[in-house]
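Undergrad: Sharing a structure with you now.
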Amino acid sequence: MFLYQTFYNFRNLKNDTIDLSAREVYFVGENGQGKSNLLESLYYSAYGTSFRTHNESQIIKNGEKAFSVNSMFKRSEEDMQKLTLVFENGKKRIDKNGKRIHDRKELINTVPCILFCHDDMKFATGEPECRRFFIDQSLTLYDNLYIDDIRNYKKILKSRNLILKNHEYELLDIYDAQLAAYGLVVQSKRKKAVFQFNEIFGKLYYEVTGIEGVKIVYEPSWKEIITEKLTEDNKIHREKIFPASQDIIDLLKTRRDVDRNLETTMSGPHRDRINFVKDGVLFVPTASTGQRRLLSLILRIAQSIYYTRVTGLKPVLLMDDVLLELDPDKRAKITSLLPEYDQLFCTFLPGEPYERYMKDTTKVYNIKGGEWFERSN
């Protein structure tokens with residue numbers, strides 16, 4: 001649970017400390033007043049990066065040269081985490097309990113946050129890379145080794161593409177072996193994650209929409225190998241197995257002419273496809289806008305449940321105006337399906353019926369011009 005945050009030149013937020021010590025915290029205000037900035041600061045504390053920009057200089061308040069955000073997070077009375085993030089002179093510094101952090105992966109599982117925002121629609125309607133990002137993000141929420149796996153794969157891929165552009169083909173054997181090794185690990189973990197997601201996702205989607213049989217299908221670029229065995233009763237048993245590293249090395253060799261011509265690597269986990277399918281047919285092309293929006297919302301709910309099942313930890317939920325475009329019935333269903341959480345932060349416009357979702361302990365702040373004013377219940 002976040003206890004408080006202190007801001008210094010963080011977007012338009014007042015340089016002050018905000019009390020966050022409630023299980024549910026609502027930020028209410030017109031657009032452009034700072035509601036999303038508050039959620040961004042929480043996410044920034046959790047992961048050392050923004051969900052709105054890769055250019056951290058954009059976070060600095062107009063006319064200033066640096067920003068910082070300090071957070072106190074409590075897991076239990078014995079487990080307190082103090083996080084300090086400073087961006088100055090184009091460089092970022094992260095301290096956790098007074099100790100310098102040199103890699104953002106050291107923050108994993110410190111403050112597990114699941115973000116719900118409008119951009120999540122791209123998981124349903126965006127390019128394949130958007131859905132790959134979602135699955136990779138779900139894994140990197142808790143798996144430090146996967147962070148290394150995906151980083152190493154991307155590093156090798158970048159190097160292989162560079163030698164293809166430079167026509168340094170004599171180095172391909174070296175990079176193919178490394179690409180196969182890291183790529184197969186990425187592929188294996190993605191397949192397992194999608195399988196676990198399907199145990200959660202389809203049921204949730206049916207509960208909200210009444211549409212049965214929607215599932216997530218993982219189509220790896222490096223296809224699985226079909227083996228055949230003769231059973232004792234003389235029947236053929238077919239089974240899909242992951243290819244071995246040498247199988248992928250051989251595959252990459254057979255495709256080198258294409259890679260040379262295009263000067264890029266045309267197969268591997270960076271070409272994987274992840275789709276929503278119903279009755280063997282792609283679901284999104286015929287789905288309504290509302291059904292697509294619910295896909296993205298329920299993906300996030302499934303991500304929260306998945307995280308808790310894998311780690312045993314309850315996440316902090318950050319919900320940025322995501323209920324705004326749902327009708328009252330769908331809102332009620334979505335809120336009833338929210339998973340167990342450690343803490344919940346929501347943003348609302350003033351006219352929204354947020355009182356319906358409040359509890360006796362809910363802390364409500366009115367946000368105006370980057371300042372916050374606590375509302376008495």
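In the structure tokens, chains take letters A, B, ... by order of appearance, with residues numbered from 1 within each chain and ligands from 1 in the order shown.
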For the structure I just gave you, how does DSSP split range 160-320 of chain A - specifically, which residues are strand (DSSP E)? Reply as a VMD selection string.
TA: chain A and resid 214 to 219 225 to 230 236 to 241 273 to 278 281 to 282 316 to 320
Undergrad: Using DSSP secondary structure from the backbone, list all helix (DSSP H, G or I) positions within range 49-113 of chain A, as a list of chain:residue names.
TA: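 Matching residues, listed in order: A:Glu56, A:Ser57, A:Gln58, A:Ile59, A:Arg104, A:Lys105, A:Glu106, A:Leu107.
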Undergrad: Selected residues, N, CA and C atoms, written as a compact mmCIF listing (two decimals), in the first residue's frame, please.
TA:
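Result saved to out.txt:
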```txt
# COMPACT_ATOMS: atom_id res chain seq x y z
N GLU A 56 11.70 11.45 -20.72
CA GLU A 56 11.42 11.89 -19.35
C GLU A 56 11.56 13.39 -19.15
N SER A 57 12.24 14.06 -20.05
CA SER A 57 12.32 15.52 -19.94
C SER A 57 10.94 16.15 -20.10
N GLN A 58 9.99 15.43 -20.73
CA GLN A 58 8.63 15.94 -20.88
C GLN A 58 7.86 15.95 -19.56
N ILE A 59 8.36 15.20 -18.58
CA ILE A 59 7.68 15.12 -17.28
C ILE A 59 7.98 16.35 -16.42
N ARG A 104 16.49 -1.13 -13.63
CA ARG A 104 15.09 -1.06 -13.23
C ARG A 104 14.50 -2.42 -12.85
N LYS A 105 15.12 -3.52 -13.31
CA LYS A 105 14.57 -4.84 -12.98
C LYS A 105 14.67 -5.13 -11.48
N GLU A 106 15.53 -4.35 -10.77
CA GLU A 106 15.64 -4.52 -9.32
C GLU A 106 14.38 -4.02 -8.60
N LEU A 107 13.52 -3.31 -9.32
CA LEU A 107 12.26 -2.85 -8.72
C LEU A 107 11.15 -3.90 -8.80
```
Undergrad: One number please: CA of Thr140 in chain A to CA of Ser71 in chain A, in Å, one decimal.
TA: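 So the two atoms, CA of Thr140 in chain A and CA of Ser71 in chain A, lie 21.9 Å apart.
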Undergrad: Which of these, A:Phe51, A:Ser336, A:Glu207, A:Ser245, has the shortest distance to Phe116 in chain A once you count only C-alpha atoms?
TA: A:Phe51
Undergrad: Residues at most 12 Å from Lys223 in chain A, counting only C-alpha atoms, excluding those fewer than 3 positions away in the same chain, as a PDB file with C-alpha atoms, in the first residue's frame?
TA:
```
ATOM      1  CA  LEU A 184      13.376 -20.572 -27.839  1.00  0.00           C
ATOM      2  CA  GLN A 187       8.851 -18.662 -27.122  1.00  0.00           C
ATOM      3  CA  SER A 188       8.495 -21.284 -24.391  1.00  0.00           C
ATOM      4  CA  LYS A 191       3.379 -20.160 -24.736  1.00  0.00           C
ATOM      5  CA  TYR A 218      -0.422 -17.980 -29.666  1.00  0.00           C
ATOM      6  CA  GLU A 219       1.112 -18.552 -33.097  1.00  0.00           C
ATOM      7  CA  PRO A 220       4.901 -18.718 -32.765  1.00  0.00           C
ATOM      8  CA  ILE A 226       4.552 -32.512 -35.077  1.00  0.00           C
ATOM      9  CA  LYS A 240       3.383 -31.032 -30.970  1.00  0.00           C
ATOM     10  CA  ILE A 241       6.804 -30.458 -29.432  1.00  0.00           C
ATOM     11  CA  PHE A 242       9.056 -27.426 -29.311  1.00  0.00           C
ATOM     12  CA  PRO A 243      11.851 -27.445 -31.867  1.00  0.00           C
ATOM     13  CA  ALA A 244      15.387 -27.921 -30.580  1.00  0.00           C
ATOM     14  CA  ASP A 247      16.199 -27.201 -35.659  1.00  0.00           C
ATOM     15  CA  ILE A 248      15.991 -23.411 -35.478  1.00  0.00           C
ATOM     16  CA  LEU A 251      15.595 -23.163 -40.288  1.00  0.00           C
ATOM     17  CA  SER A 267      11.494 -15.221 -38.415  1.00  0.00           C
ATOM     18  CA  GLY A 268      11.689 -15.474 -34.655  1.00  0.00           C
ATOM     19  CA  PRO A 269       9.717 -14.394 -31.570  1.00  0.00           C
ATOM     20  CA  ARG A 271       7.338 -12.109 -35.559  1.00  0.00           C
ATOM     21  CA  ASP A 272       5.062 -14.109 -33.246  1.00  0.00           C
ATOM     22  CA  ARG A 273       1.321 -13.524 -33.510  1.00  0.00           C
TER      23      ARG A 273
END
```
Undergrad: From the list A:Arg160, A:Arg260, A:Arg309, A:Arg11, which residue is nearest Phe197 in chain A when using only C-alpha atoms?
TA: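 Checking each candidate against Phe197 in chain A, we get A:Arg309 as the closest.
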Undergrad: Might you pull out every residue within 10 Å of Asp360 in chain A, with only C-alpha atoms counted and same-chain residues fewer than 2 positions away left off, and present them as a ChimeraX atom specification?
TA: /A:24,358,362-363,377
Undergrad: With a distance cut-off of 12 Å and only C-alpha atoms, select the neighbouring residues of Leu317 in chain A, excluding the residue or stretch itself and same-chain residues fewer than 4 positions from it, and output the selection as a PDB file with N, CA, C and O atoms, in the first residue's frame.
TA:
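The resulting selection-v2.pdb:
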```pdb
ATOM      1  N   MET A   1       0.838  -1.198   0.000  1.00  0.00           N
ATOM      2  CA  MET A   1       0.000   0.000   0.000  1.00  0.00           C
ATOM      3  C   MET A   1       0.877   1.254   0.000  1.00  0.00           C
ATOM      4  O   MET A   1       1.790   1.379   0.811  1.00  0.00           O
ATOM      5  N   PHE A   2       0.583   2.180  -0.937  1.00  0.00           N
ATOM      6  CA  PHE A   2       1.247   3.481  -0.903  1.00  0.00           C
ATOM      7  C   PHE A   2       0.744   4.256   0.311  1.00  0.00           C
ATOM      8  O   PHE A   2      -0.462   4.355   0.537  1.00  0.00           O
ATOM      9  N   ARG A  23      -7.180   2.084   1.304  1.00  0.00           N
ATOM     10  CA  ARG A  23      -7.169   0.963   0.359  1.00  0.00           C
ATOM     11  C   ARG A  23      -7.733   1.386  -0.997  1.00  0.00           C
ATOM     12  O   ARG A  23      -7.332   0.861  -2.028  1.00  0.00           O
ATOM     13  N   GLU A  24      -8.683   2.323  -1.001  1.00  0.00           N
ATOM     14  CA  GLU A  24      -9.216   2.874  -2.245  1.00  0.00           C
ATOM     15  C   GLU A  24      -9.036   4.385  -2.223  1.00  0.00           C
ATOM     16  O   GLU A  24      -9.394   5.042  -1.230  1.00  0.00           O
ATOM     17  N   VAL A  25      -8.450   4.900  -3.307  1.00  0.00           N
ATOM     18  CA  VAL A  25      -8.231   6.345  -3.432  1.00  0.00           C
ATOM     19  C   VAL A  25      -8.777   6.791  -4.779  1.00  0.00           C
ATOM     20  O   VAL A  25      -8.404   6.236  -5.824  1.00  0.00           O
ATOM     21  N   TYR A  26      -9.668   7.793  -4.771  1.00  0.00           N
ATOM     22  CA  TYR A  26     -10.272   8.314  -6.001  1.00  0.00           C
ATOM     23  C   TYR A  26      -9.769   9.733  -6.252  1.00  0.00           C
ATOM     24  O   TYR A  26      -9.715  10.559  -5.329  1.00  0.00           O
ATOM     25  N   LEU A  39      -1.573   9.250 -11.264  1.00  0.00           N
ATOM     26  CA  LEU A  39      -1.401   7.830 -11.568  1.00  0.00           C
ATOM     27  C   LEU A  39      -0.040   7.574 -12.198  1.00  0.00           C
ATOM     28  O   LEU A  39       0.613   6.564 -11.902  1.00  0.00           O
ATOM     29  N   LEU A  42       2.638   7.283  -9.602  1.00  0.00           N
ATOM     30  CA  LEU A  42       2.611   5.996  -8.905  1.00  0.00           C
ATOM     31  C   LEU A  42       3.291   4.923  -9.765  1.00  0.00           C
ATOM     32  O   LEU A  42       4.094   4.125  -9.266  1.00  0.00           O
ATOM     33  N   TYR A  43       2.935   4.905 -11.043  1.00  0.00           N
ATOM     34  CA  TYR A  43       3.536   3.934 -11.962  1.00  0.00           C
ATOM     35  C   TYR A  43       5.046   4.182 -12.069  1.00  0.00           C
ATOM     36  O   TYR A  43       5.833   3.229 -12.107  1.00  0.00           O
ATOM     37  N   ALA A  46       6.792   2.730  -9.210  1.00  0.00           N
ATOM     38  CA  ALA A  46       6.792   1.263  -9.221  1.00  0.00           C
ATOM     39  C   ALA A  46       7.805   0.691 -10.189  1.00  0.00           C
ATOM     40  O   ALA A  46       8.460  -0.320  -9.889  1.00  0.00           O
ATOM     41  N   VAL A 111       6.699  -2.826  -5.861  1.00  0.00           N
ATOM     42  CA  VAL A 111       5.361  -2.235  -5.847  1.00  0.00           C
ATOM     43  C   VAL A 111       4.639  -2.716  -7.110  1.00  0.00           C
ATOM     44  O   VAL A 111       4.647  -2.028  -8.131  1.00  0.00           O
ATOM     45  N   PRO A 112       4.054  -3.892  -7.086  1.00  0.00           N
ATOM     46  CA  PRO A 112       3.417  -4.420  -8.298  1.00  0.00           C
ATOM     47  C   PRO A 112       2.166  -3.635  -8.677  1.00  0.00           C
ATOM     48  O   PRO A 112       1.178  -3.641  -7.953  1.00  0.00           O
ATOM     49  N   CYS A 113       2.211  -2.932  -9.821  1.00  0.00           N
ATOM     50  CA  CYS A 113       1.082  -2.128 -10.280  1.00  0.00           C
ATOM     51  C   CYS A 113       0.550  -2.668 -11.597  1.00  0.00           C
ATOM     52  O   CYS A 113       1.331  -3.036 -12.486  1.00  0.00           O
ATOM     53  N   ILE A 114      -0.758  -2.707 -11.721  1.00  0.00           N
ATOM     54  CA  ILE A 114      -1.423  -3.042 -12.975  1.00  0.00           C
ATOM     55  C   ILE A 114      -2.176  -1.798 -13.429  1.00  0.00           C
ATOM     56  O   ILE A 114      -3.025  -1.288 -12.711  1.00  0.00           O
ATOM     57  N   LEU A 115      -1.853  -1.325 -14.625  1.00  0.00           N
ATOM     58  CA  LEU A 115      -2.428  -0.095 -15.149  1.00  0.00           C
ATOM     59  C   LEU A 115      -3.548  -0.390 -16.144  1.00  0.00           C
ATOM     60  O   LEU A 115      -3.386  -1.188 -17.060  1.00  0.00           O
ATOM     61  N   PHE A 116      -4.686   0.255 -15.956  1.00  0.00           N
ATOM     62  CA  PHE A 116      -5.804   0.229 -16.898  1.00  0.00           C
ATOM     63  C   PHE A 116      -5.897   1.620 -17.516  1.00  0.00           C
ATOM     64  O   PHE A 116      -6.109   2.601 -16.790  1.00  0.00           O
ATOM     65  N   CYS A 117      -5.768   1.735 -18.846  1.00  0.00           N
ATOM     66  CA  CYS A 117      -5.876   3.049 -19.471  1.00  0.00           C
ATOM     67  C   CYS A 117      -6.441   2.920 -20.888  1.00  0.00           C
ATOM     68  O   CYS A 117      -6.559   1.813 -21.428  1.00  0.00           O
ATOM     69  N   ARG A 300      -6.659  -6.777 -18.768  1.00  0.00           N
ATOM     70  CA  ARG A 300      -5.993  -6.234 -17.585  1.00  0.00           C
ATOM     71  C   ARG A 300      -6.453  -6.944 -16.306  1.00  0.00           C
ATOM     72  O   ARG A 300      -5.637  -7.201 -15.406  1.00  0.00           O
ATOM     73  N   ILE A 301      -7.738  -7.243 -16.219  1.00  0.00           N
ATOM     74  CA  ILE A 301      -8.216  -7.988 -15.049  1.00  0.00           C
ATOM     75  C   ILE A 301      -7.551  -9.360 -15.004  1.00  0.00           C
ATOM     76  O   ILE A 301      -7.095  -9.820 -13.947  1.00  0.00           O
ATOM     77  N   GLN A 303      -4.715 -10.101 -16.276  1.00  0.00           N
ATOM     78  CA  GLN A 303      -3.304  -9.894 -15.936  1.00  0.00           C
ATOM     79  C   GLN A 303      -3.116  -9.806 -14.425  1.00  0.00           C
ATOM     80  O   GLN A 303      -2.161 -10.357 -13.874  1.00  0.00           O
ATOM     81  N   SER A 304      -4.040  -9.133 -13.763  1.00  0.00           N
ATOM     82  CA  SER A 304      -3.965  -9.005 -12.301  1.00  0.00           C
ATOM     83  C   SER A 304      -4.120 -10.357 -11.626  1.00  0.00           C
ATOM     84  O   SER A 304      -3.374 -10.700 -10.696  1.00  0.00           O
ATOM     85  N   ILE A 305      -5.101 -11.140 -12.088  1.00  0.00           N
ATOM     86  CA  ILE A 305      -5.326 -12.469 -11.511  1.00  0.00           C
ATOM     87  C   ILE A 305      -4.127 -13.380 -11.788  1.00  0.00           C
ATOM     88  O   ILE A 305      -3.667 -14.123 -10.902  1.00  0.00           O
ATOM     89  N   TYR A 307      -1.040 -12.479 -12.254  1.00  0.00           N
ATOM     90  CA  TYR A 307       0.082 -12.066 -11.409  1.00  0.00           C
ATOM     91  C   TYR A 307      -0.051 -12.637 -10.003  1.00  0.00           C
ATOM     92  O   TYR A 307       0.908 -13.155  -9.431  1.00  0.00           O
ATOM     93  N   VAL A 322     -11.163   4.463 -17.227  1.00  0.00           N
ATOM     94  CA  VAL A 322     -11.469   3.354 -18.133  1.00  0.00           C
ATOM     95  C   VAL A 322     -12.939   2.932 -18.088  1.00  0.00           C
ATOM     96  O   VAL A 322     -13.404   2.220 -18.976  1.00  0.00           O
ATOM     97  N   THR A 335     -16.696  -3.826 -12.338  1.00  0.00           N
ATOM     98  CA  THR A 335     -16.273  -3.558 -10.967  1.00  0.00           C
ATOM     99  C   THR A 335     -16.477  -4.777 -10.065  1.00  0.00           C
ATOM    100  O   THR A 335     -15.696  -5.000  -9.137  1.00  0.00           O
ATOM    101  N   LEU A 338     -13.419  -7.155 -10.501  1.00  0.00           N
ATOM    102  CA  LEU A 338     -12.062  -6.738 -10.164  1.00  0.00           C
ATOM    103  C   LEU A 338     -11.444  -7.741  -9.193  1.00  0.00           C
ATOM    104  O   LEU A 338     -12.083  -8.167  -8.234  1.00  0.00           O
ATOM    105  N   PRO A 339     -10.208  -8.121  -9.441  1.00  0.00           N
ATOM    106  CA  PRO A 339      -9.567  -9.127  -8.588  1.00  0.00           C
ATOM    107  C   PRO A 339      -9.193  -8.545  -7.230  1.00  0.00           C
ATOM    108  O   PRO A 339      -9.304  -7.327  -7.006  1.00  0.00           O
ATOM    109  N   GLU A 340      -8.762  -9.398  -6.349  1.00  0.00           N
ATOM    110  CA  GLU A 340      -8.265  -8.926  -5.061  1.00  0.00           C
ATOM    111  C   GLU A 340      -7.082  -8.006  -5.298  1.00  0.00           C
ATOM    112  O   GLU A 340      -6.196  -8.305  -6.102  1.00  0.00           O
ATOM    113  N   TYR A 341      -7.061  -6.885  -4.620  1.00  0.00           N
ATOM    114  CA  TYR A 341      -5.983  -5.924  -4.812  1.00  0.00           C
ATOM    115  C   TYR A 341      -5.466  -5.447  -3.472  1.00  0.00           C
ATOM    116  O   TYR A 341      -6.158  -5.481  -2.452  1.00  0.00           O
ATOM    117  N   ASP A 342      -4.234  -4.979  -3.506  1.00  0.00           N
ATOM    118  CA  ASP A 342      -3.653  -4.393  -2.305  1.00  0.00           C
ATOM    119  C   ASP A 342      -4.162  -2.977  -2.123  1.00  0.00           C
ATOM    120  O   ASP A 342      -4.420  -2.527  -1.005  1.00  0.00           O
ATOM    121  N   GLN A 343      -4.344  -2.277  -3.259  1.00  0.00           N
ATOM    122  CA  GLN A 343      -4.807  -0.897  -3.228  1.00  0.00           C
ATOM    123  C   GLN A 343      -5.388  -0.556  -4.594  1.00  0.00           C
ATOM    124  O   GLN A 343      -4.973  -1.120  -5.617  1.00  0.00           O
ATOM    125  N   LEU A 344      -6.344   0.354  -4.631  1.00  0.00           N
ATOM    126  CA  LEU A 344      -7.001   0.724  -5.874  1.00  0.00           C
ATOM    127  C   LEU A 344      -7.021   2.242  -6.006  1.00  0.00           C
ATOM    128  O   LEU A 344      -7.463   2.947  -5.098  1.00  0.00           O
ATOM    129  N   PHE A 345      -6.519   2.735  -7.152  1.00  0.00           N
ATOM    130  CA  PHE A 345      -6.568   4.157  -7.480  1.00  0.00           C
ATOM    131  C   PHE A 345      -7.408   4.326  -8.741  1.00  0.00           C
ATOM    132  O   PHE A 345      -7.161   3.652  -9.748  1.00  0.00           O
ATOM    133  N   CYS A 346      -8.392   5.217  -8.707  1.00  0.00           N
ATOM    134  CA  CYS A 346      -9.261   5.462  -9.859  1.00  0.00           C
ATOM    135  C   CYS A 346      -9.355   6.953 -10.126  1.00  0.00           C
ATOM    136  O   CYS A 346      -9.362   7.761  -9.187  1.00  0.00           O
ATOM    137  N   THR A 347      -9.473   7.312 -11.409  1.00  0.00           N
ATOM    138  CA  THR A 347      -9.760   8.696 -11.766  1.00  0.00           C
ATOM    139  C   THR A 347     -11.176   8.791 -12.313  1.00  0.00           C
ATOM    140  O   THR A 347     -11.652   7.880 -12.992  1.00  0.00           O
TER     141      THR A 347
END
```
Undergrad: Nearest to Arg75 in chain A: which of A:Asp259, A:Val208, A:Ile135, A:Asn109 is it, counting only C-alpha atoms?
TA: A:Asn109
Undergrad: Applying 6 Å and only C-alpha atoms, which residues near range 213-215 of chain A remain after dropping the ones on its own chain fewer than 2 positions away? List them as a list of chain:residue names.
TA: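 After dropping sequence-adjacent residues, the list is A:Gly202, A:Phe276, A:Val277, A:Lys278.
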Undergrad: Which residues, written as a ChimeraX atom specification, have at least one atom at most 10 Å from Asn15 in chain A, with only C-alpha atoms counted and residues fewer than 6 positions away on the same chain left out?
TA: /A:6-9,67-69,370-371
Undergrad: Can I get the selected residues back with N, CA, C and O atoms, as a PDB file, in the first residue's frame?
TA:
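Writing done, so here's again-v5.pdb:
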```pdb
ATOM      1  N   THR A   6       5.653  12.378  -2.395  1.00  0.00           N
ATOM      2  CA  THR A   6       6.097  13.766  -2.374  1.00  0.00           C
ATOM      3  C   THR A   6       6.610  14.132  -3.761  1.00  0.00           C
ATOM      4  O   THR A   6       7.442  13.406  -4.332  1.00  0.00           O
ATOM      5  N   PHE A   7       6.115  15.239  -4.307  1.00  0.00           N
ATOM      6  CA  PHE A   7       6.456  15.640  -5.675  1.00  0.00           C
ATOM      7  C   PHE A   7       7.343  16.879  -5.679  1.00  0.00           C
ATOM      8  O   PHE A   7       7.184  17.779  -4.844  1.00  0.00           O
ATOM      9  N   TYR A   8       8.223  16.906  -6.667  1.00  0.00           N
ATOM     10  CA  TYR A   8       9.010  18.103  -6.936  1.00  0.00           C
ATOM     11  C   TYR A   8       9.087  18.272  -8.448  1.00  0.00           C
ATOM     12  O   TYR A   8       9.725  17.464  -9.149  1.00  0.00           O
ATOM     13  N   ASN A   9       8.373  19.250  -8.957  1.00  0.00           N
ATOM     14  CA  ASN A   9       8.372  19.574 -10.399  1.00  0.00           C
ATOM     15  C   ASN A   9       7.918  18.400 -11.270  1.00  0.00           C
ATOM     16  O   ASN A   9       8.384  18.240 -12.403  1.00  0.00           O
ATOM     17  N   PHE A  67      13.091  16.928 -11.969  1.00  0.00           N
ATOM     18  CA  PHE A  67      11.930  16.531 -11.172  1.00  0.00           C
ATOM     19  C   PHE A  67      12.314  15.362 -10.282  1.00  0.00           C
ATOM     20  O   PHE A  67      13.310  14.666 -10.515  1.00  0.00           O
ATOM     21  N   SER A  68      11.502  15.164  -9.254  1.00  0.00           N
ATOM     22  CA  SER A  68      11.685  13.988  -8.402  1.00  0.00           C
ATOM     23  C   SER A  68      10.342  13.566  -7.834  1.00  0.00           C
ATOM     24  O   SER A  68       9.399  14.355  -7.766  1.00  0.00           O
ATOM     25  N   VAL A  69      10.259  12.304  -7.437  1.00  0.00           N
ATOM     26  CA  VAL A  69       9.086  11.790  -6.746  1.00  0.00           C
ATOM     27  C   VAL A  69       9.569  10.818  -5.678  1.00  0.00           C
ATOM     28  O   VAL A  69      10.416   9.962  -5.945  1.00  0.00           O
ATOM     29  N   GLY A 370      -3.466  20.867 -10.650  1.00  0.00           N
ATOM     30  CA  GLY A 370      -2.322  20.192 -10.048  1.00  0.00           C
ATOM     31  C   GLY A 370      -2.339  20.147  -8.531  1.00  0.00           C
ATOM     32  O   GLY A 370      -1.402  19.643  -7.903  1.00  0.00           O
ATOM     33  N   GLU A 371      -3.395  20.676  -7.926  1.00  0.00           N
ATOM     34  CA  GLU A 371      -3.532  20.624  -6.465  1.00  0.00           C
ATOM     35  C   GLU A 371      -4.650  19.657  -6.091  1.00  0.00           C
ATOM     36  O   GLU A 371      -5.527  19.355  -6.899  1.00  0.00           O
TER      37      GLU A 371
END
```
Undergrad: Report, in Å with one decimal, the straight-line distance from CA of Lys253 in chain A to CA of Ala177 in chain A.
TA: 10.6 Å
